[in-house]
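Student: Take a look at this one; I'll ask things after.
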Amino acid sequence: MTIRHHPTDESLMRLAAGSLPAGPAMVVATHLAGCPQCRERVAEFEALGGILLEESAPVPMAPDAFAAALRAIDAEETRAAAGKTARPAAKPRAGRAPATLPGGIPLPEPLRDCEIGPWRWIGIGVRASAVKMPDDPEARLTLLRVGPGRKLPEHGHFGTEFTQILVGSFTDEFGRYMPGDLTEMNHDIEHQPIVDPDGECICLAALEGGMRMTGPFGRLIQPFVRL
Amino acid sequence: MTHVMQEGGPPDGAQLARMIVRIAVERDRQAFAALYSHFAPRVTAFLRKSGLPPNMAEEIAQDVMLTVWRKAEQFDPARAGASTWIFTIARNLRIDHLRRVRVATSAEQVEPEEIETAPSGEALMLASERESTVRAALAALSDEQAMVLRLSFFGDKPHSEIARELGLPLGTVKSRVRLALGRLRALLEGET
Ligand SMILES: [Zn+2]
């Protein structure tokens, strides 16, 4: 699989810095799972984070901070010596995601703990499923399933939409997007992606910034994206 | 008694990495003390720069150092240097903190999930090589581009915050961030 469309360096930097919101971060993480080149770029930005940490002018801690850290360590080791685990075992997550996408395609690894909502009809040839991230239930993340020759739902000209192609392909004025590709559609660029005629397209999408959907698709999809 | 700090000057990357390894292998509290005195004040400063209030920055820095103690055996010097590893711990705890604030009403405590960003296998450059490449690239940027890069690394709303700090229109800032990252990319690729 040759990946031709990657996240911008800015998005990779923000992922490494921890400032990309949860929804877009998950879309980019799904891309990274299949893209060694972008994983290396994120590693470079993490190294940049290490350098910026190293060059930060030290701020004195409270006078008893180190003593408090040692007390915390002592308390943990006492508990460990007494044979008690420091933390309760992790509870199994409720609402396991189904293992596959329509057509038996396995769910990308980063989505394994997410709760995948039911597919809902939101327009002719377009279905959507709300994806809930266990650590950030408010994050808006959507799986879209769009039929051959159909347009992807429009959103208003506001914010940046991150879309990772999982199955099938679509084309817009900037090129053709295949499985493994990620596109960042910015509000200041006019675009209208259309699914290629040879099959349906399934993609994972998240919007950064305020959401203002336009048109009949927009009004229909809005409640799902907000879920 | 182990000698953890060289006379004068802060410990270098190799010394810091050895301290973490000593914590992992020997539960060496003296190594932890040296690591703490180097990193806790820097992590606090770093978290403040990223927008956390001072008391919260110190509380999370404390948590970062305890995590270093607990997870020292997970540190792999071939994957990341000491500063980079500790940076990623600070970043993840900051994310957890911000999420916890947002979902504070939900009763159930969820396990923190780390988004998998670690490099594996194929494209793995040796960590020290990667770090010196990034350091050299950062040093080769113009002062203005290095500043734009630092500001955009720390900001949660990078463009608008940089626009305010530099007193520039938003559109100008967007193109400067793009240019600075493009220059960094060119330098990184020229170096390898
Ligand atoms: Zn990529």
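Note on naming: chains are A, B, ... as they come in the structure tokens, residues start from 1 per chain, ligands start from 1 in the order shown.
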Write down, as a list of chain:residue names, each residue of chain B that has any atom within 6 Å of an atom of chain A, counting only C-alpha atoms.
Tutor: B:Pro41, B:Arg42, B:Ala45, B:Phe46, B:Ser83, B:Thr84, B:Phe87, B:Arg91, B:Pro119, B:Glu131, B:Asp156
Student: Keeping only all heavy atoms, write the selected residues as a compact mmCIF listing (two decimals), in the first residue's frame.
Tutor:
# COMPACT_ATOMS: atom_id res chain seq x y z
N PRO B 41 12.01 20.68 38.11
CA PRO B 41 11.84 22.11 37.86
C PRO B 41 11.67 22.45 36.37
O PRO B 41 11.02 23.43 36.02
CB PRO B 41 13.15 22.73 38.38
CG PRO B 41 13.75 21.68 39.28
CD PRO B 41 13.33 20.38 38.70
N ARG B 42 12.23 21.61 35.50
CA ARG B 42 12.08 21.86 34.06
C ARG B 42 10.70 21.43 33.57
O ARG B 42 10.09 22.10 32.74
CB ARG B 42 13.17 21.12 33.28
CG ARG B 42 14.53 21.80 33.42
CD ARG B 42 15.62 21.03 32.69
NE ARG B 42 16.86 21.81 32.61
CZ ARG B 42 17.72 21.93 33.61
NH1 ARG B 42 17.52 21.32 34.76
NH2 ARG B 42 18.80 22.68 33.47
N ALA B 45 8.32 24.08 34.56
CA ALA B 45 8.43 25.25 33.67
C ALA B 45 7.76 24.96 32.34
O ALA B 45 7.00 25.79 31.80
CB ALA B 45 9.90 25.59 33.45
N PHE B 46 8.01 23.77 31.81
CA PHE B 46 7.47 23.36 30.52
C PHE B 46 5.93 23.35 30.56
O PHE B 46 5.26 23.86 29.66
CB PHE B 46 8.01 21.96 30.20
CG PHE B 46 7.69 21.47 28.82
CD1 PHE B 46 8.54 21.73 27.77
CD2 PHE B 46 6.54 20.73 28.60
CE1 PHE B 46 8.26 21.27 26.49
CE2 PHE B 46 6.25 20.27 27.32
CZ PHE B 46 7.11 20.53 26.27
N SER B 83 15.29 12.95 28.03
CA SER B 83 14.42 14.14 27.97
C SER B 83 13.18 13.87 27.13
O SER B 83 12.08 14.31 27.49
CB SER B 83 15.17 15.32 27.36
OG SER B 83 16.34 15.56 28.07
N THR B 84 13.37 13.17 26.03
CA THR B 84 12.23 12.89 25.15
C THR B 84 11.24 11.96 25.85
O THR B 84 10.02 12.18 25.80
CB THR B 84 12.72 12.24 23.83
OG1 THR B 84 13.62 13.16 23.20
CG2 THR B 84 11.58 11.91 22.91
N PHE B 87 9.51 13.94 28.46
CA PHE B 87 8.56 14.84 27.78
C PHE B 87 7.26 14.10 27.45
O PHE B 87 6.17 14.62 27.68
CB PHE B 87 9.18 15.43 26.50
CG PHE B 87 8.15 15.86 25.50
CD1 PHE B 87 7.40 17.00 25.71
CD2 PHE B 87 7.87 15.09 24.38
CE1 PHE B 87 6.40 17.38 24.82
CE2 PHE B 87 6.88 15.44 23.48
CZ PHE B 87 6.14 16.60 23.71
N ARG B 91 3.56 15.05 28.66
CA ARG B 91 2.50 15.32 27.68
C ARG B 91 1.27 14.47 27.97
O ARG B 91 0.15 14.97 28.00
CB ARG B 91 3.03 15.00 26.27
CG ARG B 91 1.95 15.05 25.20
CD ARG B 91 2.37 14.33 23.95
NE ARG B 91 2.49 12.90 24.16
CZ ARG B 91 3.07 12.07 23.31
NH1 ARG B 91 3.60 12.52 22.20
NH2 ARG B 91 3.12 10.78 23.58
N PRO B 119 7.70 4.89 17.54
CA PRO B 119 8.16 4.27 16.31
C PRO B 119 8.45 2.81 16.57
O PRO B 119 8.79 2.43 17.68
CB PRO B 119 9.45 5.02 16.00
CG PRO B 119 9.95 5.47 17.33
CD PRO B 119 8.72 5.69 18.18
N GLU B 131 17.88 12.73 17.81
CA GLU B 131 17.89 13.93 18.64
C GLU B 131 18.95 14.93 18.20
O GLU B 131 18.70 16.14 18.17
CB GLU B 131 18.03 13.56 20.11
CG GLU B 131 16.66 13.17 20.66
CD GLU B 131 16.67 12.50 22.01
OE1 GLU B 131 17.64 12.72 22.77
OE2 GLU B 131 15.72 11.76 22.31
N ASP B 156 -2.00 25.66 22.64
CA ASP B 156 -3.14 24.82 22.35
C ASP B 156 -3.92 25.36 21.16
O ASP B 156 -4.55 24.63 20.43
CB ASP B 156 -4.07 24.73 23.56
CG ASP B 156 -3.84 23.42 24.31
OD1 ASP B 156 -3.21 22.53 23.75
OD2 ASP B 156 -4.28 23.33 25.46
Student: Smallest atom-to-atom distance to Met133 (chain A): which of B:Phe75, B:Ala14, B:Arg99, B:Met19, using only C-alpha atoms?
Tutor: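 Closest to Met133 (chain A) of all the choices is B:Arg99.
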Student: If we count only C-alpha atoms, what is near His191 (chain A) at a cut-off of 10 Å, once residues fewer than 3 positions away on the same chain are taken out, given as a PDB file with N, CA and C atoms, in the first residue's frame?
Tutor:
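Ended up saving to selection.pdb:
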ATOM      1  N   GLU A 154     -21.113  17.645   3.065  1.00  0.00           N
ATOM      2  CA  GLU A 154     -20.435  18.931   3.178  1.00  0.00           C
ATOM      3  C   GLU A 154     -20.466  19.413   4.604  1.00  0.00           C
ATOM      4  N   THR A 171     -12.187  11.174  -4.810  1.00  0.00           N
ATOM      5  CA  THR A 171     -11.359  12.101  -5.571  1.00  0.00           C
ATOM      6  C   THR A 171     -11.880  13.512  -5.357  1.00  0.00           C
ATOM      7  N   ASP A 172     -10.967  14.451  -5.183  1.00  0.00           N
ATOM      8  CA  ASP A 172     -11.369  15.856  -5.226  1.00  0.00           C
ATOM      9  C   ASP A 172     -10.380  16.583  -6.133  1.00  0.00           C
ATOM     10  N   GLU A 173     -10.453  17.908  -6.163  1.00  0.00           N
ATOM     11  CA  GLU A 173      -9.599  18.624  -7.110  1.00  0.00           C
ATOM     12  C   GLU A 173      -8.111  18.500  -6.801  1.00  0.00           C
ATOM     13  N   PHE A 174      -7.767  17.965  -5.636  1.00  0.00           N
ATOM     14  CA  PHE A 174      -6.343  17.829  -5.287  1.00  0.00           C
ATOM     15  C   PHE A 174      -5.794  16.427  -5.562  1.00  0.00           C
ATOM     16  N   MET A 185      -8.958  18.777   5.201  1.00  0.00           N
ATOM     17  CA  MET A 185      -9.670  19.738   4.370  1.00  0.00           C
ATOM     18  C   MET A 185      -9.912  20.984   5.188  1.00  0.00           C
ATOM     19  N   ASN A 186      -9.351  22.053   4.672  1.00  0.00           N
ATOM     20  CA  ASN A 186      -9.418  23.293   5.424  1.00  0.00           C
ATOM     21  C   ASN A 186     -10.582  24.158   4.971  1.00  0.00           C
ATOM     22  N   HIS A 187     -11.093  24.921   5.906  1.00  0.00           N
ATOM     23  CA  HIS A 187     -12.259  25.742   5.579  1.00  0.00           C
ATOM     24  C   HIS A 187     -11.959  26.780   4.510  1.00  0.00           C
ATOM     25  N   ASP A 188     -10.662  27.161   4.361  1.00  0.00           N
ATOM     26  CA  ASP A 188     -10.412  28.205   3.366  1.00  0.00           C
ATOM     27  C   ASP A 188     -10.191  27.647   1.960  1.00  0.00           C
ATOM     28  N   ILE A 194     -15.719  13.351  -4.135  1.00  0.00           N
ATOM     29  CA  ILE A 194     -16.735  12.440  -4.656  1.00  0.00           C
ATOM     30  C   ILE A 194     -16.150  11.027  -4.670  1.00  0.00           C
TER      31      ILE A 194
END
Student: Taking only C-alpha atoms into account, which of B:Phe154, B:Leu184, B:Ser128, B:Leu98 comes nearest Ala140 (chain B)?
Tutor: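 Nearest to Ala140 (chain B): B:Leu184.
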Student: Hey, which of A:Cys114, A:Cys203, A:Pro179, A:Val131 ends up closest to ligand 1? Count only C-alpha atoms and all ligand atoms.
Tutor: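 That would be A:Pro179, the residue with the smallest distance to ligand 1.
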Student: Can you list, as a ChimeraX atom specification, every residue of chain B that DSSP puts in helix (DSSP H, G or I)?
Tutor: /B:13-26,29-49,54-74,82-102,121-123,127-140,143-154,158-166,170-191
Student: Apply DSSP to the backbone of this structure and, from region 27-208 of chain A, keep only the residues in strand (DSSP E or B); write these as a PyMOL selection string.
Tutor: chain A and resi 100-101+105-106+115-116+120-123+126-133+136-146+151+160-167+170-172+175-177+182-186+194-195+201-208
Student: Please provide as a PyMOL selection string all residues within 10 Å of Ala61 (chain B), with the sequence filter that same-chain residues fewer than 5 positions apart are discarded (counting only C-alpha atoms).
Tutor: (chain A and resi 61) or (chain B and resi 36+39-47+55-56+66-67+89-90+93-94)
Student: I want to know what sits within 8 Å of Phe170 (chain A), based on only C-alpha atoms, with residues of the same chain fewer than 6 positions away left out; could you give that as a short mmCIF file (atom, residue, chain, number, x, y, z; two decimals) with N, CA and C atoms, in the first residue's frame?
Tutor:
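File produced: around-v9.cif:
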data_model
loop_
_atom_site.label_atom_id
_atom_site.label_comp_id
_atom_site.auth_asym_id
_atom_site.auth_seq_id
_atom_site.Cartn_x
_atom_site.Cartn_y
_atom_site.Cartn_z
N ARG A 176 -6.55 11.87 -5.81
CA ARG A 176 -7.34 10.69 -5.46
C ARG A 176 -6.84 10.17 -4.12
N TYR A 177 -7.76 9.81 -3.25
CA TYR A 177 -7.42 9.36 -1.91
C TYR A 177 -7.79 7.89 -1.76
N MET A 178 -6.78 7.13 -1.37
CA MET A 178 -6.91 5.67 -1.30
C MET A 178 -6.79 5.23 0.16
N PRO A 193 -15.21 16.37 -2.35
CA PRO A 193 -14.78 15.01 -2.65
C PRO A 193 -15.96 14.15 -3.11
N ILE A 194 -15.72 13.35 -4.14
CA ILE A 194 -16.73 12.44 -4.66
C ILE A 194 -16.15 11.03 -4.67
N VAL A 195 -16.92 10.10 -4.14
CA VAL A 195 -16.47 8.71 -4.06
C VAL A 195 -16.33 8.15 -5.48
N ASP A 196 -15.23 7.44 -5.72
CA ASP A 196 -14.98 6.88 -7.04
C ASP A 196 -16.05 5.85 -7.39
N CYS A 201 -17.06 3.90 -0.14
CA CYS A 201 -15.89 4.39 0.58
C CYS A 201 -16.23 4.49 2.06
#
Student: Please compute the CA of Gly168 (chain A)-CA of Gly23 (chain A) distance, one decimal, in Å.
Tutor: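 According to the coordinates, CA of Gly168 (chain A) and CA of Gly23 (chain A) are separated by 21.8 Å.
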Student: What separation in Å, quoted to one decimal, exists between CA of Leu144 (chain A) and CA of Asp198 (chain A)?
Tutor: 17.0 Å
Student: Could you please determine the separation between CA of Leu166 (chain A) and CA of Gly125 (chain A) in Å, to one decimal place?
Tutor: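 Spanning CA of Leu166 (chain A) to CA of Gly125 (chain A) is a straight-line distance of 17.3 Å.
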Student: List the neighbours of Glu184 (chain A) out to 7 Å using only C-alpha atoms; skip same-chain residues closer than 3 positions along the sequence, and give me the result as number ranges by chain.
Tutor: A: 7, 160-163
Student: Write the selection just made, keeping C-alpha atoms, as a PDB file, in the first residue's frame?
Tutor:
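Contents of selection.pdb, freshly written:
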ATOM      1  CA  PRO A   7      -1.139  14.712   7.693  1.00  0.00           C
ATOM      2  CA  THR A 160     -10.383  21.683   9.541  1.00  0.00           C
ATOM      3  CA  GLU A 161     -11.755  18.259   8.791  1.00  0.00           C
ATOM      4  CA  PHE A 162      -9.413  15.284   9.208  1.00  0.00           C
ATOM      5  CA  THR A 163     -10.395  12.286   7.103  1.00  0.00           C
TER       6      THR A 163
END
Student: Determine the nearest neighbour of Leu107 (chain A) from the options A:Gly149, A:Pro197, A:Ile202, A:Arg4, counting only C-alpha atoms.
Tutor: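 When distances to Leu107 (chain A) are compared using only C-alpha atoms, the smallest one comes from A:Ile202.
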Student: Would you mind telling me which residue in B:Ser152, B:Ser132, B:Thr172, B:Asn92 lies nearest to Ile60 (chain B) when using only C-alpha atoms?
Tutor: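 Selected residue with least distance to Ile60 (chain B): B:Asn92.
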